[in-house]
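> Please find one structure pasted underneath; my questions will follow.
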2 protein chains.
Amino acid sequence: MATLSEENYLKAIFHLENKFEQGANTNALAEKMETKPSSVTDMLKKLSQKKLVDYKKYQGAKLSKKGKEKALEIIRKHRLWEVFLVEKLNFSWDEVHDVAEQLEHVQSRKLTLELDRFLGHPKRDPHGDPIPDAEGNFDFNDRMLLSELEEGANGIFSGVKDSSASFLQYLDKQEITLGKEIAVLERENFDHSIRIKMDGKTKHISALAANNIFIKTS
Amino acid sequence: MATLSEENYLKAIFHLENKFEQGANTNALAEKMETKPSSVTDMLKKLSQKKLVDYKKYQGAKLSKKGKEKALEIIRKHRLWEVFLVEKLNFSWDEVHDVAEQLEHVQSRKLTLELDRFLGHPKRDPHGDPIPDAEGNFDFNDRMLLSELEEGANGIFSGVKDSSASFLQYLDKQEITLGKEIAVLERENFDHSIRIKMDGKTKHISALAANNIFIKTS
DNA sequence: TCACAAATTTAGATTAATCTAAAAATTTGT
DNA sequence: ACAAATTTTTAGATTAATCTAAATTTGTGA
C-alpha cells in the first residue's frame with residue numbers, strides 16, 4: 001500500500017511523462033511537488049525500491065507498469081470525485097480540485113466502483129479530462145489546442161489544459177462553456193491572439209488563453 | 001489544523017468521555033488507538049499544548065471546548081458519509097465504518113455542508129447514532145437498552161451500541177432492522193436472555209445481544 | 001500505613017518525509 | 001574539448017509519530 005506522499009509522486013510523474021518524452025526529471029518533479037530536488041531524489045529511490053518507477057541516477061524517472069496502474073487508479077478516483085462534486089454537490093469547476101486531491105486517496109475498491117455507477121459511468125471530468133475505467137483505459141484525446149486551429153476552422157470546446165481556478169473563472173466570465181462550438185475568425189500575427197465566434201457573438205482571445213483551450217474538431 | 005493522528009485521538013477521547021465519567025485515561029486511550037501508553041502520553045502533551053485537551057500528568061484527559069468542537073465536527077462528517085455510503089452507494093451498514101474513517105478527515109467546509117444538504121439533513125446514521133448539526137448540536141438520546149426493558153414493555157429498535165460488523169451481520173440474519181417494534185415477552189433470570197416479539201414472530205435474544213440494542217420507548 | 005501492583009511517564013531510538021549545504025555528475029557554449 | 005553552468009545526488013539534521021525499556025507515581029489491600 002503506497003503512502004499518501006508516494007501516491008502524490010506517482011500522479012505527478014504520470015503527468016510529467018505525458019508532457020515530456022524523457023519522463024520526469026528531478027527538478028521538474030520538485031517544482032510540481034512544491035518540494036526540494038533532494039527530497040525528490042530520496043523519494044525516487046524509495047519508489048524505485050518498491051518497483052513503482054524505473055529510475056537510474058541522473059537519468060530521471062518513468063513509471064513502471066505497476067506504478068502506472070497505481071497512478072491511473074488515483075487519477076480515476078480524482079476525476080470521479082470531481083464529477084460528484086460538480087453534479088451532486090453544487091461545486092463549480094474551479095472549486096473542485098483541492099477537495100478531489102484529498103478524496104482521491106481514500107482506499108476502497110467498492111467505493112470507487114459504486115461512485116462510478118452512481119454517477120452513470122462518466123467519461124469526462126468537469127474540465128473535459130478523460131476518466132480512466134477500472135482497468136485504466138481511457139479515450140485518448142483527438143483534441144487540439146484552439147491556438148493551433150486555422151482561420152475559418154471550427155470545433156467543440158472540449159477541455160482545458162490549464163485548470164487553475166483563475167483560468168476557469170476567466171472562462172466563466174467570458175461565458176466559454178464546455179461543449180460550445182467555437183469558430184476561428186481571424187488570427188493576429190502580431191501577438192498570436194485570435195478572434196472567435198461563439199453563440200453568434202465575436203470574442204477576442206489572447207494567445208495564452210487560446211493555448212489552454214482544447215477543441216474537438218469533427 | 002489538526003493532523004490525521006490528532007483528529008483520531010480527539011475522536012477517541014470524545015467517545016471515552018461519554019463512556020467514563022473521569023474522562024480518557026492513558027491505557028484506555030492506548031487500547032482504543034491500538035498503540036502504546038507511552039505514545040498516548042506524548043500525544044496528550046501535544047494536544048494539551050494546542051489547547052485541544054485539558055490534561056494533567058497522571059490524571060487522564062478531557063476535551064477542551066475547542067477540542068470538543070473539533071471532535072464533533074469529525075463525528076458529524078463520519079456519520080454523514082455513512083449515510084451517503086448506505087443510501088447512495090449500496091453499502092450495507094456493516095461495511096461503512098472503515099471507509100467513513102477515511103472520508104471523515106477530508107477538509108472542506110463546503111463539502112460537509114453540501115453533503116448534508118444532498119442527503120436531506122439526516123438526523124441519524126445507519127446505526128441509529130445521532131448526527132451533530134453544523135454547530136455541533138445533536139439529539140440526546142432518550143433511548144434505553146433492550147436488556148433494561150421490563151417484561152411486557154415495548155419500543156422501537158433505534159440503534160446499536162456495538163457497531164462491529166459481526167454484530168450487525170447477526171442482526172441482519174435475525175432480521176432485526178432499525179425502526180422495527182420490539183416487545184419483551186419474557187426475561188430469563190438464569191442467563192439474562194430474553195424472548196421478544198417482532199413482526200408477530202417470537203425470537204430468543206442473548207443477554208449480550210440485548211445489551212447492545214437501543215430501544216426508543218414511547 | 002505501607003508495600004506492591006497497576007498505571008503512567010520519561011528517556012532514548014526508529015521511520016518517513018522533509019530540509020540545507022556541499023559534493024558530484026551532466027550538459028552546454030564557445 | 002573543456003570550463004562554466006546546470007542538474008542531481010549525498011551527507012547530515014529536523015519533525016511527527018511511534019516504539020521499548022526503565023523510572024516514577026498512584027492507588028489498593030492486608
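Ordered as shown in the C-alpha cells, chains take letters A, B, and onward, while each chain numbers its residues from 1 and ligands are numbered from 1 in the order shown.
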Could you list, as a PDB file with C-alpha atoms, in the first residue's frame, every residue within 12 Å of B:Leu178, counting only C-alpha atoms (C1' of nucleotides) and ignoring same-chain residues fewer than 6 positions away?

ATOM      1  CA  TRP B  93     -24.444  -0.963   7.490  1.00  0.00           C
ATOM      2  CA  ARG B 124     -29.255   9.589  12.335  1.00  0.00           C
ATOM      3  CA  ASP B 125     -26.567   7.470  10.750  1.00  0.00           C
ATOM      4  CA  PRO B 126     -27.251   3.899   9.538  1.00  0.00           C
ATOM      5  CA  HIS B 127     -26.591   2.540  13.049  1.00  0.00           C
ATOM      6  CA  GLY B 128     -29.055   4.923  14.655  1.00  0.00           C
ATOM      7  CA  ASP B 129     -26.393   7.264  16.063  1.00  0.00           C
ATOM      8  CA  GLY B 155     -40.429   0.107  21.886  1.00  0.00           C
ATOM      9  CA  ILE B 156     -38.723   0.824  18.579  1.00  0.00           C
ATOM     10  CA  PHE B 157     -35.316  -0.604  17.688  1.00  0.00           C
ATOM     11  CA  SER B 158     -33.451   2.665  17.239  1.00  0.00           C
ATOM     12  CA  GLY B 159     -29.742   1.957  17.393  1.00  0.00           C
ATOM     13  CA  VAL B 160     -26.848  -0.321  18.275  1.00  0.00           C
ATOM     14  CA  LEU B 168     -24.575  -6.064  12.576  1.00  0.00           C
ATOM     15  CA  LEU B 171     -28.897  -8.630  13.389  1.00  0.00           C
ATOM     16  CA  ASP B 172     -29.330  -8.919   9.624  1.00  0.00           C
ATOM     17  CA  MET B 198     -41.166  -8.680  16.417  1.00  0.00           C
ATOM     18  CA  ILE B 213     -29.600  -2.934  21.194  1.00  0.00           C
ATOM     19  CA  PHE B 214     -31.017   0.537  21.821  1.00  0.00           C
ATOM     20  CA  ILE B 215     -34.775   0.872  22.147  1.00  0.00           C
ATOM     21  CA  LYS B 216     -36.799   4.048  21.994  1.00  0.00           C
TER      22      LYS B 216
END
> Can you give chain A as an mmCIF file with C-alpha atoms, in the first residue's frame after you superpose it on chain B, pairing all C-alpha atoms in order for the least-squares fit?

data_model
loop_
_atom_site.group_PDB
_atom_site.id
_atom_site.type_symbol
_atom_site.label_atom_id
_atom_site.label_comp_id
_atom_site.auth_asym_id
_atom_site.auth_seq_id
_atom_site.Cartn_x
_atom_site.Cartn_y
_atom_site.Cartn_z
ATOM 1 C CA MET A 1 -5.124 22.413 11.525
ATOM 2 C CA ALA A 2 -5.007 19.103 13.358
ATOM 3 C CA THR A 3 -3.095 16.194 11.855
ATOM 4 C CA LEU A 4 -4.801 12.931 10.955
ATOM 5 C CA SER A 5 -3.502 11.296 14.106
ATOM 6 C CA GLU A 6 -4.592 14.194 16.286
ATOM 7 C CA GLU A 7 -8.086 14.029 14.827
ATOM 8 C CA ASN A 8 -8.300 10.340 15.601
ATOM 9 C CA TYR A 9 -7.245 10.921 19.185
ATOM 10 C CA LEU A 10 -9.826 13.679 19.616
ATOM 11 C CA LYS A 11 -12.548 11.379 18.394
ATOM 12 C CA ALA A 12 -11.411 8.567 20.667
ATOM 13 C CA ILE A 13 -11.281 10.872 23.686
ATOM 14 C CA PHE A 14 -14.784 12.106 22.892
ATOM 15 C CA HIS A 15 -16.155 8.563 22.858
ATOM 16 C CA LEU A 16 -14.356 7.623 26.069
ATOM 17 C CA GLU A 17 -15.638 10.730 27.839
ATOM 18 C CA ASN A 18 -19.178 9.662 27.001
ATOM 19 C CA LYS A 19 -18.505 6.271 28.467
ATOM 20 C CA PHE A 20 -16.530 7.149 31.588
ATOM 21 C CA GLU A 21 -17.210 10.007 33.952
ATOM 22 C CA GLN A 22 -13.537 10.770 34.663
ATOM 23 C CA GLY A 23 -12.656 11.214 31.004
ATOM 24 C CA ALA A 24 -10.114 9.304 28.965
ATOM 25 C CA ASN A 25 -7.326 7.577 30.822
ATOM 26 C CA THR A 26 -4.107 6.583 29.168
ATOM 27 C CA ASN A 27 -4.575 2.831 28.981
ATOM 28 C CA ALA A 28 -8.129 2.996 27.689
ATOM 29 C CA LEU A 29 -7.050 5.455 25.043
ATOM 30 C CA ALA A 30 -4.105 3.254 24.098
ATOM 31 C CA GLU A 31 -6.413 0.305 23.634
ATOM 32 C CA LYS A 32 -8.898 2.291 21.575
ATOM 33 C CA MET A 33 -6.143 3.714 19.382
ATOM 34 C CA GLU A 34 -4.394 0.346 19.106
ATOM 35 C CA THR A 35 -1.184 1.875 20.295
ATOM 36 C CA LYS A 36 1.026 1.880 23.421
ATOM 37 C CA PRO A 37 0.365 3.937 26.545
ATOM 38 C CA SER A 38 3.662 5.747 26.096
ATOM 39 C CA SER A 39 2.568 6.959 22.678
ATOM 40 C CA VAL A 40 -0.674 8.177 24.190
ATOM 41 C CA THR A 41 1.176 10.197 26.793
ATOM 42 C CA ASP A 42 3.216 11.884 24.071
ATOM 43 C CA MET A 43 0.111 12.739 22.099
ATOM 44 C CA LEU A 44 -1.776 14.036 25.142
ATOM 45 C CA LYS A 45 1.072 16.433 25.802
ATOM 46 C CA LYS A 46 0.855 17.688 22.269
ATOM 47 C CA LEU A 47 -2.934 18.048 22.309
ATOM 48 C CA SER A 48 -2.656 19.815 25.639
ATOM 49 C CA GLN A 49 -0.124 22.263 24.191
ATOM 50 C CA LYS A 50 -2.558 22.972 21.374
ATOM 51 C CA LYS A 51 -5.318 23.567 23.935
ATOM 52 C CA LEU A 52 -7.411 20.768 22.500
ATOM 53 C CA VAL A 53 -7.515 18.758 25.731
ATOM 54 C CA ASP A 54 -7.220 19.454 29.429
ATOM 55 C CA TYR A 55 -4.566 17.119 30.675
ATOM 56 C CA LYS A 56 -2.707 16.806 33.929
ATOM 57 C CA LYS A 57 -0.107 14.084 34.410
ATOM 58 C CA TYR A 58 -1.540 10.841 35.782
ATOM 59 C CA GLN A 59 -5.047 12.389 35.736
ATOM 60 C CA GLY A 60 -6.321 11.401 32.293
ATOM 61 C CA ALA A 61 -7.630 13.832 29.707
ATOM 62 C CA LYS A 62 -10.825 15.640 28.806
ATOM 63 C CA LEU A 63 -11.562 17.624 25.683
ATOM 64 C CA SER A 64 -11.423 21.400 25.912
ATOM 65 C CA LYS A 65 -14.225 23.427 24.327
ATOM 66 C CA LYS A 66 -12.142 23.742 21.186
ATOM 67 C CA GLY A 67 -11.289 20.032 21.226
ATOM 68 C CA LYS A 68 -14.913 19.067 21.609
ATOM 69 C CA GLU A 69 -15.898 21.232 18.659
ATOM 70 C CA LYS A 70 -13.259 19.564 16.533
ATOM 71 C CA ALA A 71 -14.346 16.093 17.668
ATOM 72 C CA LEU A 72 -17.995 16.790 16.917
ATOM 73 C CA GLU A 73 -17.098 18.084 13.486
ATOM 74 C CA ILE A 74 -15.250 14.856 12.713
ATOM 75 C CA ILE A 75 -18.098 12.729 14.058
ATOM 76 C CA ARG A 76 -20.570 14.755 12.010
ATOM 77 C CA LYS A 77 -18.576 14.098 8.866
ATOM 78 C CA HIS A 78 -18.153 10.412 9.688
ATOM 79 C CA ARG A 79 -21.871 9.884 10.114
ATOM 80 C CA LEU A 80 -22.875 11.929 7.083
ATOM 81 C CA TRP A 81 -20.539 9.853 4.926
ATOM 82 C CA GLU A 82 -22.030 6.679 6.387
ATOM 83 C CA VAL A 83 -25.473 7.822 5.303
ATOM 84 C CA PHE A 84 -24.122 8.629 1.853
ATOM 85 C CA LEU A 85 -22.501 5.221 1.489
ATOM 86 C CA VAL A 86 -25.635 3.341 2.504
ATOM 87 C CA GLU A 87 -28.237 5.467 0.761
ATOM 88 C CA LYS A 88 -26.443 6.336 -2.448
ATOM 89 C CA LEU A 89 -23.685 3.785 -2.938
ATOM 90 C CA ASN A 90 -25.335 0.498 -1.958
ATOM 91 C CA PHE A 91 -23.127 -0.157 1.064
ATOM 92 C CA SER A 92 -24.611 -2.203 3.883
ATOM 93 C CA TRP A 93 -24.461 -0.934 7.464
ATOM 94 C CA ASP A 94 -21.668 -3.336 8.347
ATOM 95 C CA GLU A 95 -19.411 -2.124 5.493
ATOM 96 C CA VAL A 96 -19.386 1.610 6.014
ATOM 97 C CA HIS A 97 -17.164 2.107 9.026
ATOM 98 C CA ASP A 98 -13.655 1.813 7.566
ATOM 99 C CA VAL A 99 -14.446 3.938 4.543
ATOM 100 C CA ALA A 100 -16.092 6.629 6.668
ATOM 101 C CA GLU A 101 -12.985 6.616 8.884
ATOM 102 C CA GLN A 102 -11.063 7.805 5.870
ATOM 103 C CA LEU A 103 -13.627 10.214 4.470
ATOM 104 C CA GLU A 104 -14.155 11.959 7.806
ATOM 105 C CA HIS A 105 -10.725 13.590 7.541
ATOM 106 C CA VAL A 106 -11.334 15.389 4.274
ATOM 107 C CA GLN A 107 -11.135 19.107 4.947
ATOM 108 C CA SER A 108 -13.703 21.282 3.212
ATOM 109 C CA ARG A 109 -16.393 23.318 4.871
ATOM 110 C CA LYS A 110 -18.376 23.429 1.659
ATOM 111 C CA LEU A 111 -18.129 19.670 1.142
ATOM 112 C CA THR A 112 -19.697 18.890 4.506
ATOM 113 C CA LEU A 113 -22.398 21.496 4.119
ATOM 114 C CA GLU A 114 -23.361 20.352 0.633
ATOM 115 C CA LEU A 115 -23.201 16.679 1.507
ATOM 116 C CA ASP A 116 -25.608 17.337 4.365
ATOM 117 C CA ARG A 117 -27.960 19.175 2.011
ATOM 118 C CA PHE A 118 -27.646 16.480 -0.668
ATOM 119 C CA LEU A 119 -28.656 13.837 1.871
ATOM 120 C CA GLY A 120 -31.609 15.899 3.119
ATOM 121 C CA HIS A 121 -30.113 16.830 6.507
ATOM 122 C CA PRO A 122 -30.300 13.361 8.033
ATOM 123 C CA LYS A 123 -30.613 13.184 11.806
ATOM 124 C CA ARG A 124 -29.275 9.633 12.287
ATOM 125 C CA ASP A 125 -26.595 7.509 10.694
ATOM 126 C CA PRO A 126 -27.264 3.933 9.500
ATOM 127 C CA HIS A 127 -26.595 2.589 12.999
ATOM 128 C CA GLY A 128 -29.062 4.971 14.614
ATOM 129 C CA ASP A 129 -26.414 7.324 16.011
ATOM 130 C CA PRO A 130 -27.333 11.014 15.989
ATOM 131 C CA ILE A 131 -25.624 13.328 13.498
ATOM 132 C CA PRO A 132 -24.466 16.637 15.004
ATOM 133 C CA ASP A 133 -25.500 19.709 13.017
ATOM 134 C CA ALA A 134 -23.010 22.316 11.778
ATOM 135 C CA GLU A 135 -22.973 23.888 15.247
ATOM 136 C CA GLY A 136 -22.288 20.578 16.948
ATOM 137 C CA ASN A 137 -25.758 20.134 18.419
ATOM 138 C CA PHE A 138 -27.492 16.800 18.274
ATOM 139 C CA ASP A 139 -30.442 14.936 19.757
ATOM 140 C CA PHE A 140 -29.539 13.568 23.108
ATOM 141 C CA ASN A 141 -30.939 10.144 23.021
ATOM 142 C CA ASP A 142 -33.803 9.180 25.261
ATOM 143 C CA ARG A 143 -33.119 5.587 24.344
ATOM 144 C CA MET A 144 -32.483 2.663 26.636
ATOM 145 C CA LEU A 145 -30.977 -0.753 26.184
ATOM 146 C CA LEU A 146 -33.150 -3.721 25.298
ATOM 147 C CA SER A 147 -31.522 -5.487 28.252
ATOM 148 C CA GLU A 148 -33.010 -2.867 30.588
ATOM 149 C CA LEU A 149 -36.609 -3.213 29.389
ATOM 150 C CA GLU A 150 -39.142 -4.761 31.756
ATOM 151 C CA GLU A 151 -41.124 -7.816 30.811
ATOM 152 C CA GLY A 152 -44.146 -6.681 28.839
ATOM 153 C CA ALA A 153 -42.557 -3.388 27.816
ATOM 154 C CA ASN A 154 -41.993 -2.477 24.170
ATOM 155 C CA GLY A 155 -40.384 0.114 21.911
ATOM 156 C CA ILE A 156 -38.710 0.807 18.608
ATOM 157 C CA PHE A 157 -35.285 -0.594 17.695
ATOM 158 C CA SER A 158 -33.447 2.684 17.235
ATOM 159 C CA GLY A 159 -29.743 1.986 17.373
ATOM 160 C CA VAL A 160 -26.835 -0.253 18.246
ATOM 161 C CA LYS A 161 -24.215 0.234 20.943
ATOM 162 C CA ASP A 162 -21.790 -2.171 19.317
ATOM 163 C CA SER A 163 -21.464 -1.417 15.627
ATOM 164 C CA SER A 164 -18.958 -4.133 14.781
ATOM 165 C CA ALA A 165 -19.556 -5.896 11.492
ATOM 166 C CA SER A 166 -20.158 -9.211 13.234
ATOM 167 C CA PHE A 167 -22.928 -7.834 15.449
ATOM 168 C CA LEU A 168 -24.551 -6.012 12.543
ATOM 169 C CA GLN A 169 -24.459 -9.149 10.440
ATOM 170 C CA TYR A 170 -26.009 -11.109 13.303
ATOM 171 C CA LEU A 171 -28.861 -8.588 13.400
ATOM 172 C CA ASP A 172 -29.305 -8.890 9.626
ATOM 173 C CA LYS A 173 -29.517 -12.651 9.947
ATOM 174 C CA GLN A 174 -32.145 -12.322 12.692
ATOM 175 C CA GLU A 175 -33.949 -9.749 10.540
ATOM 176 C CA ILE A 176 -33.732 -7.233 13.335
ATOM 177 C CA THR A 177 -33.928 -3.958 11.435
ATOM 178 C CA LEU A 178 -33.747 -0.342 12.570
ATOM 179 C CA GLY A 179 -37.226 1.066 13.149
ATOM 180 C CA LYS A 180 -38.987 -2.188 13.990
ATOM 181 C CA GLU A 181 -41.141 -2.564 17.087
ATOM 182 C CA ILE A 182 -39.865 -4.981 19.688
ATOM 183 C CA ALA A 183 -41.775 -6.253 22.738
ATOM 184 C CA VAL A 184 -40.147 -8.088 25.637
ATOM 185 C CA LEU A 185 -42.078 -11.276 26.348
ATOM 186 C CA GLU A 186 -39.908 -12.872 29.003
ATOM 187 C CA ARG A 187 -36.640 -12.293 30.804
ATOM 188 C CA GLU A 188 -34.659 -15.346 31.815
ATOM 189 C CA ASN A 189 -33.062 -14.899 35.193
ATOM 190 C CA PHE A 190 -30.510 -17.648 34.725
ATOM 191 C CA ASP A 191 -28.512 -16.173 31.823
ATOM 192 C CA HIS A 192 -30.302 -12.834 31.415
ATOM 193 C CA SER A 193 -31.357 -13.744 27.915
ATOM 194 C CA ILE A 194 -34.779 -12.532 26.762
ATOM 195 C CA ARG A 195 -37.613 -13.580 24.522
ATOM 196 C CA ILE A 196 -38.966 -10.865 22.282
ATOM 197 C CA LYS A 197 -41.763 -10.451 19.806
ATOM 198 C CA MET A 198 -41.091 -8.749 16.489
ATOM 199 C CA ASP A 199 -43.164 -8.804 13.286
ATOM 200 C CA GLY A 200 -45.499 -11.134 15.130
ATOM 201 C CA LYS A 201 -42.672 -13.646 15.554
ATOM 202 C CA THR A 202 -40.897 -14.756 18.725
ATOM 203 C CA LYS A 203 -37.112 -14.637 19.005
ATOM 204 C CA HIS A 204 -34.593 -15.493 21.669
ATOM 205 C CA ILE A 205 -31.908 -12.878 22.301
ATOM 206 C CA SER A 206 -28.754 -13.381 24.390
ATOM 207 C CA ALA A 207 -27.854 -11.017 27.205
ATOM 208 C CA LEU A 208 -24.885 -9.766 25.214
ATOM 209 C CA ALA A 209 -26.988 -8.950 22.167
ATOM 210 C CA ALA A 210 -29.738 -7.342 24.267
ATOM 211 C CA ASN A 211 -27.126 -5.179 25.900
ATOM 212 C CA ASN A 212 -26.128 -3.717 22.542
ATOM 213 C CA ILE A 213 -29.550 -2.879 21.185
ATOM 214 C CA PHE A 214 -30.996 0.574 21.812
ATOM 215 C CA ILE A 215 -34.746 0.889 22.156
ATOM 216 C CA LYS A 216 -36.783 4.042 21.999
ATOM 217 C CA THR A 217 -39.759 3.771 24.296
ATOM 218 C CA SER A 218 -42.781 5.935 23.658
#
> Quick check: residues of chain D within 12 Å of chain B, only C-alpha atoms (C1' of nucleotides), returned as an MDAnalysis selection string.
chainID D and resid 16:21 24:27
> Restricting it to N, CA and C atoms (P, O5', C5', C4', C3', O3' and C1' of nucleotides), dump the selection as a PDB file, in the first residue's frame.

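For reference, result27.pdb as written:
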ATOM      1  P    DA D  16       6.634  18.780  14.750  1.00  0.00           P
ATOM      2  O5'  DA D  16       5.888  17.431  14.350  1.00  0.00           O
ATOM      3  C5'  DA D  16       5.385  17.258  13.030  1.00  0.00           C
ATOM      4  C4'  DA D  16       4.879  15.844  12.911  1.00  0.00           C
ATOM      5  C3'  DA D  16       4.074  15.378  14.121  1.00  0.00           C
ATOM      6  O3'  DA D  16       2.958  14.641  13.639  1.00  0.00           O
ATOM      7  C1'  DA D  16       5.915  13.938  13.803  1.00  0.00           C
ATOM      8  P    DA D  17       1.823  14.151  14.630  1.00  0.00           P
ATOM      9  O5'  DA D  17       2.208  12.624  14.850  1.00  0.00           O
ATOM     10  C5'  DA D  17       2.125  11.734  13.743  1.00  0.00           C
ATOM     11  C4'  DA D  17       2.743  10.432  14.153  1.00  0.00           C
ATOM     12  C3'  DA D  17       2.169   9.832  15.447  1.00  0.00           C
ATOM     13  O3'  DA D  17       1.638   8.557  15.155  1.00  0.00           O
ATOM     14  C1'  DA D  17       4.529   9.744  15.405  1.00  0.00           C
ATOM     15  P    DT D  18       0.741   7.775  16.138  1.00  0.00           P
ATOM     16  O5'  DT D  18       1.727   6.720  16.808  1.00  0.00           O
ATOM     17  C5'  DT D  18       2.160   5.619  16.068  1.00  0.00           C
ATOM     18  C4'  DT D  18       3.591   5.256  16.390  1.00  0.00           C
ATOM     19  C3'  DT D  18       3.837   4.481  17.669  1.00  0.00           C
ATOM     20  O3'  DT D  18       3.320   3.182  17.621  1.00  0.00           O
ATOM     21  C1'  DT D  18       5.681   5.838  17.012  1.00  0.00           C
ATOM     22  P    DC D  19       3.153   2.298  18.886  1.00  0.00           P
ATOM     23  O5'  DC D  19       4.648   1.773  19.195  1.00  0.00           O
ATOM     24  C5'  DC D  19       5.343   1.032  18.197  1.00  0.00           C
ATOM     25  C4'  DC D  19       6.770   0.804  18.662  1.00  0.00           C
ATOM     26  C3'  DC D  19       6.860   0.201  20.063  1.00  0.00           C
ATOM     27  O3'  DC D  19       7.078  -1.188  19.973  1.00  0.00           O
ATOM     28  C1'  DC D  19       8.334   2.078  19.837  1.00  0.00           C
ATOM     29  P    DT D  20       7.005  -2.083  21.324  1.00  0.00           P
ATOM     30  O5'  DT D  20       8.442  -1.927  22.021  1.00  0.00           O
ATOM     31  C5'  DT D  20       9.657  -2.180  21.308  1.00  0.00           C
ATOM     32  C4'  DT D  20      10.822  -2.006  22.268  1.00  0.00           C
ATOM     33  C3'  DT D  20      10.665  -2.767  23.576  1.00  0.00           C
ATOM     34  O3'  DT D  20      11.934  -3.280  23.934  1.00  0.00           O
ATOM     35  C1'  DT D  20      10.880  -0.462  24.041  1.00  0.00           C
ATOM     36  P    DA D  21      12.095  -4.291  25.171  1.00  0.00           P
ATOM     37  O5'  DA D  21      12.796  -3.368  26.272  1.00  0.00           O
ATOM     38  C5'  DA D  21      13.770  -2.408  25.866  1.00  0.00           C
ATOM     39  C4'  DA D  21      14.184  -1.601  27.088  1.00  0.00           C
ATOM     40  C3'  DA D  21      14.023  -2.320  28.419  1.00  0.00           C
ATOM     41  O3'  DA D  21      15.083  -1.903  29.257  1.00  0.00           O
ATOM     42  C1'  DA D  21      12.706  -0.384  28.446  1.00  0.00           C
ATOM     43  P    DT D  24      13.317   7.574  39.011  1.00  0.00           P
ATOM     44  O5'  DT D  24      11.769   7.960  39.066  1.00  0.00           O
ATOM     45  C5'  DT D  24      11.218   8.801  38.053  1.00  0.00           C
ATOM     46  C4'  DT D  24       9.714   8.765  38.191  1.00  0.00           C
ATOM     47  C3'  DT D  24       9.226   8.998  39.612  1.00  0.00           C
ATOM     48  O3'  DT D  24       8.413  10.142  39.552  1.00  0.00           O
ATOM     49  C1'  DT D  24       8.067   7.210  38.599  1.00  0.00           C
ATOM     50  P    DT D  25       7.909  10.882  40.861  1.00  0.00           P
ATOM     51  O5'  DT D  25       6.344  10.550  40.864  1.00  0.00           O
ATOM     52  C5'  DT D  25       5.592  10.789  39.676  1.00  0.00           C
ATOM     53  C4'  DT D  25       4.282  10.047  39.799  1.00  0.00           C
ATOM     54  C3'  DT D  25       3.556  10.275  41.112  1.00  0.00           C
ATOM     55  O3'  DT D  25       2.345  10.929  40.777  1.00  0.00           O
ATOM     56  C1'  DT D  25       3.545   7.974  40.505  1.00  0.00           C
ATOM     57  P    DT D  26       1.223  11.306  41.823  1.00  0.00           P
ATOM     58  O5'  DT D  26       0.285  10.026  41.830  1.00  0.00           O
ATOM     59  C5'  DT D  26      -0.252   9.581  40.584  1.00  0.00           C
ATOM     60  C4'  DT D  26      -1.096   8.343  40.810  1.00  0.00           C
ATOM     61  C3'  DT D  26      -2.069   8.438  41.979  1.00  0.00           C
ATOM     62  O3'  DT D  26      -3.331   8.123  41.448  1.00  0.00           O
ATOM     63  C1'  DT D  26      -0.815   6.424  42.097  1.00  0.00           C
ATOM     64  P    DG D  27      -4.651   8.101  42.305  1.00  0.00           P
ATOM     65  O5'  DG D  27      -4.790   6.585  42.789  1.00  0.00           O
ATOM     66  C5'  DG D  27      -4.876   5.553  41.816  1.00  0.00           C
ATOM     67  C4'  DG D  27      -5.001   4.231  42.543  1.00  0.00           C
ATOM     68  C3'  DG D  27      -5.948   4.261  43.737  1.00  0.00           C
ATOM     69  O3'  DG D  27      -6.456   2.947  43.846  1.00  0.00           O
ATOM     70  C1'  DG D  27      -3.854   3.616  44.486  1.00  0.00           C
TER      71       DG D  27
END
> For chain C versus chain A, which residues have an atom no more than 8 Å away, and what is each residue's nearest atom pair and distance in Å rounded to one decimal, using only C-alpha atoms (C1' of nucleotides), chain-then-number order, as CSV?

residue,atom,partner,partner_atom,distance
C:DA17,C1',A:Ser39,CA,7.9
C:DT18,C1',A:Ser39,CA,6.6
C:DC19,C1',A:Lys36,CA,7.9
C:DA25,C1',A:Tyr58,CA,7.5
C:DT26,C1',A:Tyr58,CA,7.8
> Could you tell me, as a short mmCIF file (atom, residue, chain, number, x, y, z; two decimals) with C-alpha atoms, in the first residue's frame, which residues of stretch 51-153 of chain B DSSP assigns to alpha helix (DSSP H) when given the backbone?

data_model
loop_
_atom_site.label_atom_id
_atom_site.label_comp_id
_atom_site.auth_asym_id
_atom_site.auth_seq_id
_atom_site.Cartn_x
_atom_site.Cartn_y
_atom_site.Cartn_z
CA LYS B 65 -14.25 23.42 24.34
CA LYS B 66 -12.17 23.75 21.17
CA GLY B 67 -11.30 20.04 21.22
CA LYS B 68 -14.92 19.05 21.64
CA GLU B 69 -15.92 21.21 18.68
CA LYS B 70 -13.27 19.55 16.54
CA ALA B 71 -14.34 16.09 17.69
CA LEU B 72 -18.00 16.76 16.95
CA GLU B 73 -17.11 18.05 13.52
CA ILE B 74 -15.25 14.84 12.74
CA ILE B 75 -18.07 12.70 14.09
CA ARG B 76 -20.56 14.72 12.04
CA LYS B 77 -18.57 14.07 8.91
CA HIS B 78 -18.14 10.39 9.71
CA ARG B 79 -21.84 9.85 10.16
CA LEU B 80 -22.87 11.90 7.13
CA TRP B 81 -20.53 9.82 4.97
CA GLU B 82 -22.02 6.65 6.42
CA VAL B 83 -25.47 7.79 5.35
CA PHE B 84 -24.12 8.60 1.90
CA LEU B 85 -22.50 5.19 1.53
CA VAL B 86 -25.62 3.31 2.56
CA GLU B 87 -28.25 5.42 0.82
CA VAL B 96 -19.36 1.58 6.06
CA HIS B 97 -17.14 2.07 9.06
CA ASP B 98 -13.63 1.79 7.60
CA VAL B 99 -14.43 3.92 4.57
CA ALA B 100 -16.08 6.61 6.71
CA GLU B 101 -12.96 6.61 8.92
CA GLN B 102 -11.05 7.81 5.88
CA LEU B 103 -13.64 10.21 4.50
CA ARG B 109 -16.41 23.31 4.91
CA LYS B 110 -18.42 23.39 1.71
CA LEU B 111 -18.16 19.65 1.18
CA THR B 112 -19.72 18.86 4.56
CA LEU B 113 -22.42 21.46 4.16
CA GLU B 114 -23.39 20.31 0.68
CA LEU B 115 -23.22 16.64 1.56
CA ASP B 116 -25.61 17.28 4.42
CA ARG B 117 -27.98 19.13 2.07
CA PHE B 118 -27.67 16.43 -0.61
#
